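Enquirer: Here you go, this is protein-v7.tsv (TSV, N, CA and C atoms).
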chain	number	residue	atom	x	y	z
T	218	MET	N	3.23	-19.78	12.05
T	218	MET	CA	3.53	-18.41	12.42
T	218	MET	C	3.24	-18.29	13.90
T	219	GLY	N	4.05	-17.54	14.61
T	219	GLY	CA	3.86	-17.35	16.03
T	219	GLY	C	2.52	-16.72	16.36
T	220	ALA	N	2.00	-17.01	17.54
T	220	ALA	CA	0.66	-16.56	17.92
T	220	ALA	C	0.52	-15.04	17.91
T	221	ILE	N	1.53	-14.33	18.38
T	221	ILE	CA	1.45	-12.87	18.42
T	221	ILE	C	1.41	-12.30	17.01
T	222	LEU	N	2.28	-12.77	16.15
T	222	LEU	CA	2.32	-12.27	14.78
T	222	LEU	C	1.05	-12.64	14.02
T	223	ARG	N	0.54	-13.85	14.22
T	223	ARG	CA	-0.72	-14.27	13.58
T	223	ARG	C	-1.84	-13.31	13.96
T	224	ALA	N	-1.94	-13.04	15.26
T	224	ALA	CA	-3.00	-12.16	15.75
T	224	ALA	C	-2.83	-10.74	15.19
T	225	LEU	N	-1.60	-10.27	15.11
T	225	LEU	CA	-1.34	-8.92	14.59
T	225	LEU	C	-1.76	-8.82	13.13
T	226	VAL	N	-1.36	-9.78	12.31
T	226	VAL	CA	-1.71	-9.75	10.88
T	226	VAL	C	-3.22	-9.75	10.71
T	227	LYS	N	-3.90	-10.64	11.41
T	227	LYS	CA	-5.35	-10.73	11.28
T	227	LYS	C	-6.03	-9.46	11.78
T	228	ARG	N	-5.60	-8.96	12.94
T	228	ARG	CA	-6.22	-7.76	13.52
T	228	ARG	C	-6.05	-6.56	12.60
T	229	VAL	N	-4.84	-6.34	12.11
T	229	VAL	CA	-4.59	-5.18	11.25
T	229	VAL	C	-5.37	-5.33	9.95
T	230	ARG	N	-5.39	-6.53	9.38
T	230	ARG	CA	-6.16	-6.76	8.15
T	230	ARG	C	-7.63	-6.39	8.37
T	231	GLU	N	-8.19	-6.88	9.47
T	231	GLU	CA	-9.60	-6.60	9.76
T	231	GLU	C	-9.84	-5.13	10.07
T	232	GLU	N	-8.92	-4.48	10.81
T	232	GLU	CA	-9.06	-3.05	11.12
T	232	GLU	C	-9.04	-2.20	9.85
T	233	LYS	N	-8.31	-2.64	8.86
T	233	LYS	CA	-8.23	-1.91	7.59
T	233	LYS	C	-9.37	-2.29	6.66
T	234	GLY	N	-10.27	-3.15	7.13
T	234	GLY	CA	-11.43	-3.54	6.34
T	234	GLY	C	-11.08	-4.42	5.16
T	235	MET	N	-9.97	-5.14	5.26
T	235	MET	CA	-9.53	-6.01	4.17
T	235	MET	C	-9.98	-7.44	4.41
T	236	THR	N	-10.39	-8.07	3.34
T	236	THR	CA	-10.62	-9.51	3.38
T	236	THR	C	-9.27	-10.19	3.12
T	237	GLN	N	-9.24	-11.48	3.30
T	237	GLN	CA	-8.01	-12.22	2.97
T	237	GLN	C	-7.70	-12.07	1.48
T	238	GLU	N	-8.74	-12.01	0.65
T	238	GLU	CA	-8.55	-11.83	-0.79
T	238	GLU	C	-7.92	-10.45	-1.09
T	239	ASP	N	-8.40	-9.40	-0.40
T	239	ASP	CA	-7.82	-8.07	-0.58
T	239	ASP	C	-6.34	-8.08	-0.21
T	240	LEU	N	-6.03	-8.68	0.93
T	240	LEU	CA	-4.65	-8.75	1.38
T	240	LEU	C	-3.80	-9.55	0.39
T	241	ALA	N	-4.37	-10.61	-0.15
T	241	ALA	CA	-3.64	-11.42	-1.13
T	241	ALA	C	-3.27	-10.57	-2.35
T	242	ARG	N	-4.23	-9.80	-2.87
T	242	ARG	CA	-3.94	-8.95	-4.04
T	242	ARG	C	-2.87	-7.91	-3.74
T	243	ARG	N	-2.94	-7.30	-2.57
T	243	ARG	CA	-2.00	-6.23	-2.22
T	243	ARG	C	-0.61	-6.74	-1.85
T	244	SER	N	-0.53	-7.96	-1.34
T	244	SER	CA	0.75	-8.48	-0.84
T	244	SER	C	1.46	-9.40	-1.82
T	245	GLY	N	0.71	-9.94	-2.79
T	245	GLY	CA	1.30	-10.92	-3.69
T	245	GLY	C	1.36	-12.32	-3.09
T	246	VAL	N	0.65	-12.53	-1.99
T	246	VAL	CA	0.59	-13.83	-1.31
T	246	VAL	C	-0.80	-14.40	-1.59
T	247	SER	N	-0.90	-15.68	-1.87
T	247	SER	CA	-2.22	-16.27	-2.19
T	247	SER	C	-3.17	-16.19	-1.00
T	248	ARG	N	-4.47	-16.15	-1.29
T	248	ARG	CA	-5.47	-16.09	-0.22
T	248	ARG	C	-5.41	-17.35	0.63
T	249	ASP	N	-5.19	-18.49	-0.01
T	249	ASP	CA	-5.07	-19.75	0.74
T	249	ASP	C	-3.88	-19.69	1.70
T	250	ALA	N	-2.77	-19.15	1.23
T	250	ALA	CA	-1.59	-19.04	2.10
T	250	ALA	C	-1.88	-18.12	3.28
T	251	ILE	N	-2.58	-17.01	3.03
T	251	ILE	CA	-2.92	-16.08	4.13
T	251	ILE	C	-3.83	-16.78	5.13
T	252	ALA	N	-4.82	-17.50	4.65
T	252	ALA	CA	-5.72	-18.23	5.56
T	252	ALA	C	-4.93	-19.21	6.41
T	253	ARG	N	-4.04	-19.96	5.78
T	253	ARG	CA	-3.24	-20.95	6.51
T	253	ARG	C	-2.28	-20.27	7.49
T	254	LEU	N	-1.75	-19.09	7.11
T	254	LEU	CA	-0.87	-18.36	8.02
T	254	LEU	C	-1.65	-17.91	9.25
T	255	GLU	N	-2.84	-17.34	9.03
T	255	GLU	CA	-3.64	-16.84	10.14
T	255	GLU	C	-4.09	-17.96	11.07
T	256	LEU	N	-4.22	-19.16	10.54
T	256	LEU	CA	-4.61	-20.31	11.37
T	256	LEU	C	-3.41	-21.00	12.02
T	257	GLY	N	-2.21	-20.58	11.63
T	257	GLY	CA	-1.02	-21.19	12.18
T	257	GLY	C	-0.66	-22.51	11.53
T	258	GLU	N	-1.21	-22.77	10.35
T	258	GLU	CA	-0.95	-24.03	9.66
T	258	GLU	C	0.23	-23.95	8.70
T	259	ARG	N	0.78	-22.76	8.54
T	259	ARG	CA	1.88	-22.57	7.58
T	259	ARG	C	2.87	-21.58	8.16
T	260	GLU	N	4.14	-21.84	7.93
T	260	GLU	CA	5.19	-20.91	8.33
T	260	GLU	C	5.56	-20.05	7.11
T	261	PRO	N	5.54	-18.74	7.25
T	261	PRO	CA	5.82	-17.88	6.11
T	261	PRO	C	7.31	-17.73	5.85
T	262	SER	N	7.63	-17.44	4.60
T	262	SER	CA	9.02	-17.09	4.27
T	262	SER	C	9.25	-15.63	4.65
T	263	VAL	N	10.48	-15.23	4.66
T	263	VAL	CA	10.81	-13.84	4.95
T	263	VAL	C	10.16	-12.93	3.90
T	264	ARG	N	10.20	-13.34	2.66
T	264	ARG	CA	9.59	-12.52	1.59
T	264	ARG	C	8.08	-12.40	1.75
T	265	THR	N	7.43	-13.47	2.21
T	265	THR	CA	6.00	-13.41	2.46
T	265	THR	C	5.71	-12.40	3.57
T	266	LEU	N	6.49	-12.46	4.64
T	266	LEU	CA	6.29	-11.50	5.73
T	266	LEU	C	6.52	-10.07	5.25
T	267	ALA	N	7.52	-9.87	4.41
T	267	ALA	CA	7.79	-8.53	3.89
T	267	ALA	C	6.62	-8.03	3.06
T	268	GLY	N	6.04	-8.90	2.22
T	268	GLY	CA	4.88	-8.52	1.42
T	268	GLY	C	3.68	-8.19	2.29
T	269	LEU	N	3.46	-8.97	3.33
T	269	LEU	CA	2.36	-8.69	4.25
T	269	LEU	C	2.58	-7.37	4.97
T	270	ALA	N	3.81	-7.12	5.40
T	270	ALA	CA	4.11	-5.86	6.10
T	270	ALA	C	3.81	-4.67	5.20
T	271	ARG	N	4.27	-4.73	3.96
T	271	ARG	CA	4.01	-3.61	3.02
T	271	ARG	C	2.51	-3.43	2.81
T	272	ALA	N	1.79	-4.53	2.56
T	272	ALA	CA	0.36	-4.44	2.27
T	272	ALA	C	-0.44	-3.93	3.46
T	273	LEU	N	-0.01	-4.28	4.66
T	273	LEU	CA	-0.74	-3.89	5.87
T	273	LEU	C	-0.26	-2.58	6.47
T	274	GLY	N	0.87	-2.08	5.98
T	274	GLY	CA	1.41	-0.85	6.55
T	274	GLY	C	2.03	-1.06	7.92
T	275	ILE	N	2.51	-2.27	8.17
T	275	ILE	CA	3.17	-2.58	9.44
T	275	ILE	C	4.66	-2.34	9.26
T	276	ARG	N	5.27	-1.63	10.19
T	276	ARG	CA	6.71	-1.40	10.10
T	276	ARG	C	7.44	-2.73	10.17
T	277	PRO	N	8.34	-3.00	9.23
T	277	PRO	CA	9.08	-4.25	9.25
T	277	PRO	C	9.88	-4.45	10.55
T	278	GLU	N	10.24	-3.36	11.20
T	278	GLU	CA	10.96	-3.49	12.48
T	278	GLU	C	10.13	-4.24	13.50
T	279	ILE	N	8.83	-4.03	13.47
T	279	ILE	CA	7.95	-4.76	14.39
T	279	ILE	C	7.99	-6.24	14.07
T	280	LEU	N	7.91	-6.56	12.79
T	280	LEU	CA	7.99	-7.97	12.41
T	280	LEU	C	9.34	-8.57	12.79
T	281	GLY	N	10.41	-7.78	12.61
T	281	GLY	CA	11.74	-8.26	12.99
T	281	GLY	C	11.80	-8.61	14.46
T	282	HIS	N	11.22	-7.76	15.30
T	282	HIS	CA	11.19	-8.04	16.74
T	282	HIS	C	10.38	-9.31	17.01
T	283	LEU	N	9.24	-9.44	16.33
T	283	LEU	CA	8.40	-10.62	16.55
T	283	LEU	C	9.06	-11.89	16.06
T	284	LEU	N	9.85	-11.78	14.99
T	284	LEU	CA	10.58	-12.96	14.52
T	284	LEU	C	11.47	-13.52	15.61
T	285	ILE	N	12.05	-12.64	16.38
T	285	ILE	CA	12.96	-13.06	17.43
T	285	ILE	C	12.20	-13.52	18.67
T	286	SER	N	11.16	-12.78	19.04
T	286	SER	CA	10.52	-13.03	20.32
T	286	SER	C	9.38	-14.05	20.27
T	287	ASP	N	8.82	-14.31	19.09
T	287	ASP	CA	7.59	-15.10	19.04
T	287	ASP	C	7.75	-16.43	18.33
T	288	TYR	N	8.87	-16.69	17.70
T	288	TYR	CA	8.98	-17.90	16.90
T	288	TYR	C	9.74	-19.00	17.57
T	289	ASP	N	9.43	-20.19	17.11
T	289	ASP	CA	10.14	-21.34	17.62
T	289	ASP	C	11.54	-21.38	17.01
T	290	PRO	N	12.45	-22.09	17.64
T	290	PRO	CA	13.84	-22.14	17.16
T	290	PRO	C	14.00	-22.61	15.72
T	291	ALA	N	13.15	-23.52	15.28
T	291	ALA	CA	13.26	-24.01	13.90
T	291	ALA	C	12.97	-22.90	12.91
T	292	TYR	N	11.96	-22.10	13.20
T	292	TYR	CA	11.64	-20.99	12.30
T	292	TYR	C	12.74	-19.93	12.32
T	293	GLN	N	13.22	-19.61	13.51
T	293	GLN	CA	14.32	-18.64	13.61
T	293	GLN	C	15.51	-19.11	12.79
T	294	ALA	N	15.79	-20.40	12.85
T	294	ALA	CA	16.92	-20.95	12.10
T	294	ALA	C	16.69	-20.83	10.59
T	295	ARG	N	15.44	-21.03	10.15
T	295	ARG	CA	15.15	-20.92	8.72
T	295	ARG	C	15.32	-19.48	8.22
T	296	VAL	N	14.84	-18.50	8.98
T	296	VAL	CA	15.00	-17.10	8.60
T	296	VAL	C	16.48	-16.74	8.57
T	297	ALA	N	17.19	-17.12	9.61
T	297	ALA	CA	18.63	-16.84	9.66
T	297	ALA	C	19.35	-17.48	8.50
T	298	SER	N	18.93	-18.69	8.13
T	298	SER	CA	19.55	-19.38	7.01
T	298	SER	C	19.34	-18.62	5.70
T	299	GLU	N	18.13	-18.09	5.49
T	299	GLU	CA	17.87	-17.30	4.28
T	299	GLU	C	18.80	-16.09	4.22
T	300	ILE	N	18.95	-15.42	5.34
T	300	ILE	CA	19.80	-14.23	5.36
T	300	ILE	C	21.26	-14.62	5.17
T	301	ARG	N	21.68	-15.69	5.83
T	301	ARG	CA	23.08	-16.13	5.69
T	301	ARG	C	23.40	-16.55	4.26
T	302	ARG	N	22.44	-17.18	3.58
T	302	ARG	CA	22.65	-17.53	2.17
T	302	ARG	C	22.90	-16.27	1.35
T	303	TRP	N	22.12	-15.24	1.62
T	303	TRP	CA	22.29	-13.97	0.90
T	303	TRP	C	23.66	-13.35	1.23
T	304	LEU	N	24.13	-13.52	2.45
T	304	LEU	CA	25.40	-12.92	2.88
T	304	LEU	C	26.63	-13.61	2.29
T	305	ARG	N	26.46	-14.84	1.80
T	305	ARG	CA	27.61	-15.59	1.28
T	305	ARG	C	28.33	-14.78	0.21
T	306	GLY	N	29.66	-14.78	0.32
T	306	GLY	CA	30.47	-14.11	-0.68
T	306	GLY	C	30.56	-12.61	-0.51
T	307	GLN	N	29.92	-12.07	0.50
T	307	GLN	CA	29.98	-10.62	0.75
T	307	GLN	C	30.77	-10.37	2.03
T	308	ASP	N	31.58	-9.32	2.02
T	308	ASP	CA	32.23	-8.95	3.27
T	308	ASP	C	31.23	-8.16	4.12
T	309	ASP	N	31.55	-8.00	5.39
T	309	ASP	CA	30.62	-7.35	6.31
T	309	ASP	C	30.30	-5.92	5.89
T	310	ALA	N	31.30	-5.18	5.43
T	310	ALA	CA	31.08	-3.78	5.06
T	310	ALA	C	30.14	-3.66	3.86
T	311	THR	N	30.32	-4.51	2.86
T	311	THR	CA	29.46	-4.48	1.67
T	311	THR	C	28.02	-4.85	2.04
T	312	ALA	N	27.87	-5.92	2.80
T	312	ALA	CA	26.53	-6.34	3.21
T	312	ALA	C	25.87	-5.27	4.07
T	313	ALA	N	26.63	-4.66	4.96
T	313	ALA	CA	26.08	-3.62	5.84
T	313	ALA	C	25.60	-2.42	5.02
T	314	ARG	N	26.39	-2.00	4.03
T	314	ARG	CA	25.98	-0.88	3.16
T	314	ARG	C	24.70	-1.23	2.41
T	315	SER	N	24.61	-2.43	1.92
T	315	SER	CA	23.43	-2.86	1.17
T	315	SER	C	22.18	-2.85	2.04
T	316	LEU	N	22.33	-3.28	3.28
T	316	LEU	CA	21.19	-3.34	4.20
T	316	LEU	C	20.96	-2.04	4.97
T	317	GLY	N	21.96	-1.17	5.00
T	317	GLY	CA	21.82	0.06	5.77
T	317	GLY	C	21.99	-0.17	7.26
T	318	VAL	N	22.84	-1.14	7.62
T	318	VAL	CA	23.12	-1.42	9.03
T	318	VAL	C	24.62	-1.30	9.25
T	319	ARG	N	25.05	-1.48	10.49
T	319	ARG	CA	26.47	-1.38	10.82
T	319	ARG	C	27.19	-2.70	10.51
T	320	PRO	N	28.45	-2.62	10.06
T	320	PRO	CA	29.22	-3.85	9.83
T	320	PRO	C	29.28	-4.74	11.07
T	321	GLU	N	29.30	-4.12	12.25
T	321	GLU	CA	29.34	-4.91	13.49
T	321	GLU	C	28.07	-5.77	13.65
T	322	ASP	N	26.94	-5.23	13.16
T	322	ASP	CA	25.69	-6.00	13.22
T	322	ASP	C	25.77	-7.23	12.32
T	323	ILE	N	26.35	-7.04	11.14
T	323	ILE	CA	26.50	-8.17	10.21
T	323	ILE	C	27.42	-9.22	10.84
T	324	ALA	N	28.53	-8.78	11.41
T	324	ALA	CA	29.47	-9.71	12.04
T	324	ALA	C	28.80	-10.48	13.18
T	325	ALA	N	28.02	-9.78	14.00
T	325	ALA	CA	27.32	-10.44	15.10
T	325	ALA	C	26.27	-11.41	14.57
T	326	PHE	N	25.57	-11.02	13.51
T	326	PHE	CA	24.57	-11.92	12.91
T	326	PHE	C	25.25	-13.19	12.39
T	327	ARG	N	26.37	-13.01	11.71
T	327	ARG	CA	27.12	-14.18	11.20
T	327	ARG	C	27.56	-15.09	12.35
T	328	ALA	N	27.82	-14.49	13.51
T	328	ALA	CA	28.27	-15.25	14.67
T	328	ALA	C	27.11	-15.96	15.38
T	329	GLY	N	25.89	-15.73	14.91
T	329	GLY	CA	24.75	-16.45	15.47
T	329	GLY	C	23.82	-15.64	16.33
T	330	TYR	N	24.06	-14.35	16.46
T	330	TYR	CA	23.17	-13.51	17.26
T	330	TYR	C	22.02	-13.00	16.39
T	331	PRO	N	20.77	-13.08	16.86
T	331	PRO	CA	19.62	-12.61	16.06
T	331	PRO	C	19.49	-11.09	16.17
T	332	ILE	N	20.20	-10.38	15.33
T	332	ILE	CA	20.25	-8.92	15.39
T	332	ILE	C	18.98	-8.34	14.74
T	333	PRO	N	18.11	-7.66	15.51
T	333	PRO	CA	16.86	-7.14	14.97
T	333	PRO	C	17.04	-6.21	13.77
T	334	ASP	N	18.07	-5.36	13.78
T	334	ASP	CA	18.26	-4.42	12.68
T	334	ASP	C	18.55	-5.15	11.37
T	335	VAL	N	19.29	-6.24	11.43
T	335	VAL	CA	19.60	-7.01	10.22
T	335	VAL	C	18.32	-7.66	9.70
T	336	ILE	N	17.54	-8.25	10.59
T	336	ILE	CA	16.29	-8.90	10.18
T	336	ILE	C	15.31	-7.87	9.64
T	337	ALA	N	15.18	-6.73	10.32
T	337	ALA	CA	14.26	-5.69	9.85
T	337	ALA	C	14.68	-5.16	8.49
T	338	ALA	N	15.98	-4.93	8.28
T	338	ALA	CA	16.45	-4.45	6.98
T	338	ALA	C	16.16	-5.48	5.90
T	339	TRP	N	16.35	-6.74	6.22
T	339	TRP	CA	16.05	-7.83	5.27
T	339	TRP	C	14.57	-7.79	4.90
T	340	LEU	N	13.71	-7.64	5.92
T	340	LEU	CA	12.28	-7.60	5.67
T	340	LEU	C	11.87	-6.39	4.85
T	341	ARG	N	12.56	-5.29	5.02
T	341	ARG	CA	12.26	-4.08	4.23
T	341	ARG	C	12.67	-4.26	2.78
T	342	GLY	N	13.41	-5.33	2.48
T	342	GLY	CA	13.81	-5.58	1.10
T	342	GLY	C	15.02	-4.79	0.68
T	343	ARG	N	15.79	-4.26	1.65
T	343	ARG	CA	16.94	-3.44	1.32
T	343	ARG	C	17.99	-4.24	0.56
T	344	HIS	N	18.02	-5.56	0.73
T	344	HIS	CA	19.02	-6.41	0.11
T	344	HIS	C	18.80	-6.55	-1.39
T	345	ARG	N	17.67	-6.11	-1.87
T	345	ARG	CA	17.38	-6.27	-3.32
T	345	ARG	C	17.99	-5.16	-4.16
T	346	GLY	N	18.64	-4.23	-3.51
T	346	GLY	CA	19.33	-3.20	-4.28
T	346	GLY	C	18.74	-1.90	-4.04
Would you mind writing the structure in this file as structure tokens?

Expert:
Amino acid sequence: MGAILRALVKRVREEKGMTQEDLARRSGVSRDAIARLELGEREPSVRTLAGLARALGIRPEILGHLLISDYDPAYQARVASEIRRWLRGQDDATAARSLGVRPEDIAAFRAGYPIPDVIAAWLRGRHRG
């Protein structure tokens, strides 16, 4: 996990008086995984980040911005790949309605641009229905 996002997760967890175990219960992520994330030993999935955001009360838009600005290219490619897999078989208008974004954003994302609104909507779990 990128240094800025690692520090943010740990700081917010501590400010809220949560232990890693508390965060694990609230987020659905194991305590071991949280420890490894905070140490930078593990790269989180998009769903893990979404669970952490909900549990910590962090706006997913902030995480979306950090995904773009703080991660290495390999991680960015993995997140984009998860979203592109979900987009398969959907036209831009349908995917945009599901995520609550503009069709132009979906088209730009498919073209390889890291559109923050698409990533933030994905993190908010809008794609689950």

Enquirer: Pick out the closest residue to Ala310 in chain T from this set: T:Leu222, T:Ile336, T:Ala324, T:Ala297. Count only N, CA and C atoms.

Expert: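 With only N, CA and C atoms as the atom set, the closest residue is T:Ala324.
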
Enquirer: Can you measure CA of Arg242 in chain T to atom C of Leu254 in chain T for me? One decimal in Å is fine.

Expert: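 Atom C of Leu254 in chain T lies 16.2 Å from CA of Arg242 in chain T.
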
Enquirer: As a PyMOL selection string, please: all residues of range 231-323 of chain T that backbone DSSP puts in alpha helix (DSSP H).

Expert: chain T and resi 231-232+237-244+248-256+263-273+277-287+290-304+309-316+320-323

Enquirer: In Å, with one decimal, what is the gap from CA of Ser244 in chain T to atom N of Arg223 in chain T?

Expert: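 Here the two named atoms are 16.0 Å from each other.
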
Enquirer: What does the distance between CA of Met235 in chain T and atom C of Arg264 in chain T come to in Å, to one decimal place?

Expert: 18.9 Å

Enquirer: Out of T:Val318, T:Ala312, T:Val226, T:Ile251, which residue has the shortest atom-to-atom distance to Glu238 in chain T when counting all atoms listed in the file?

Expert: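 Of T:Val318, T:Ala312, T:Val226, T:Ile251, the one nearest Glu238 in chain T is T:Ile251, counting all atoms listed in the file.
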
Enquirer: Counting only C-alpha atoms, which residue out of T:Leu316, T:Val335, T:Ala291, T:Leu273 sits closest to Gly234 in chain T?

Expert: T:Leu273

Enquirer: Could you tell me which of T:Ala313, T:Ala250, T:Val229, T:Ala270 comes closest to Arg327 in chain T if we count only C-alpha atoms?

Expert: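 When distances to Arg327 in chain T are compared using only C-alpha atoms, the smallest one comes from T:Ala313.
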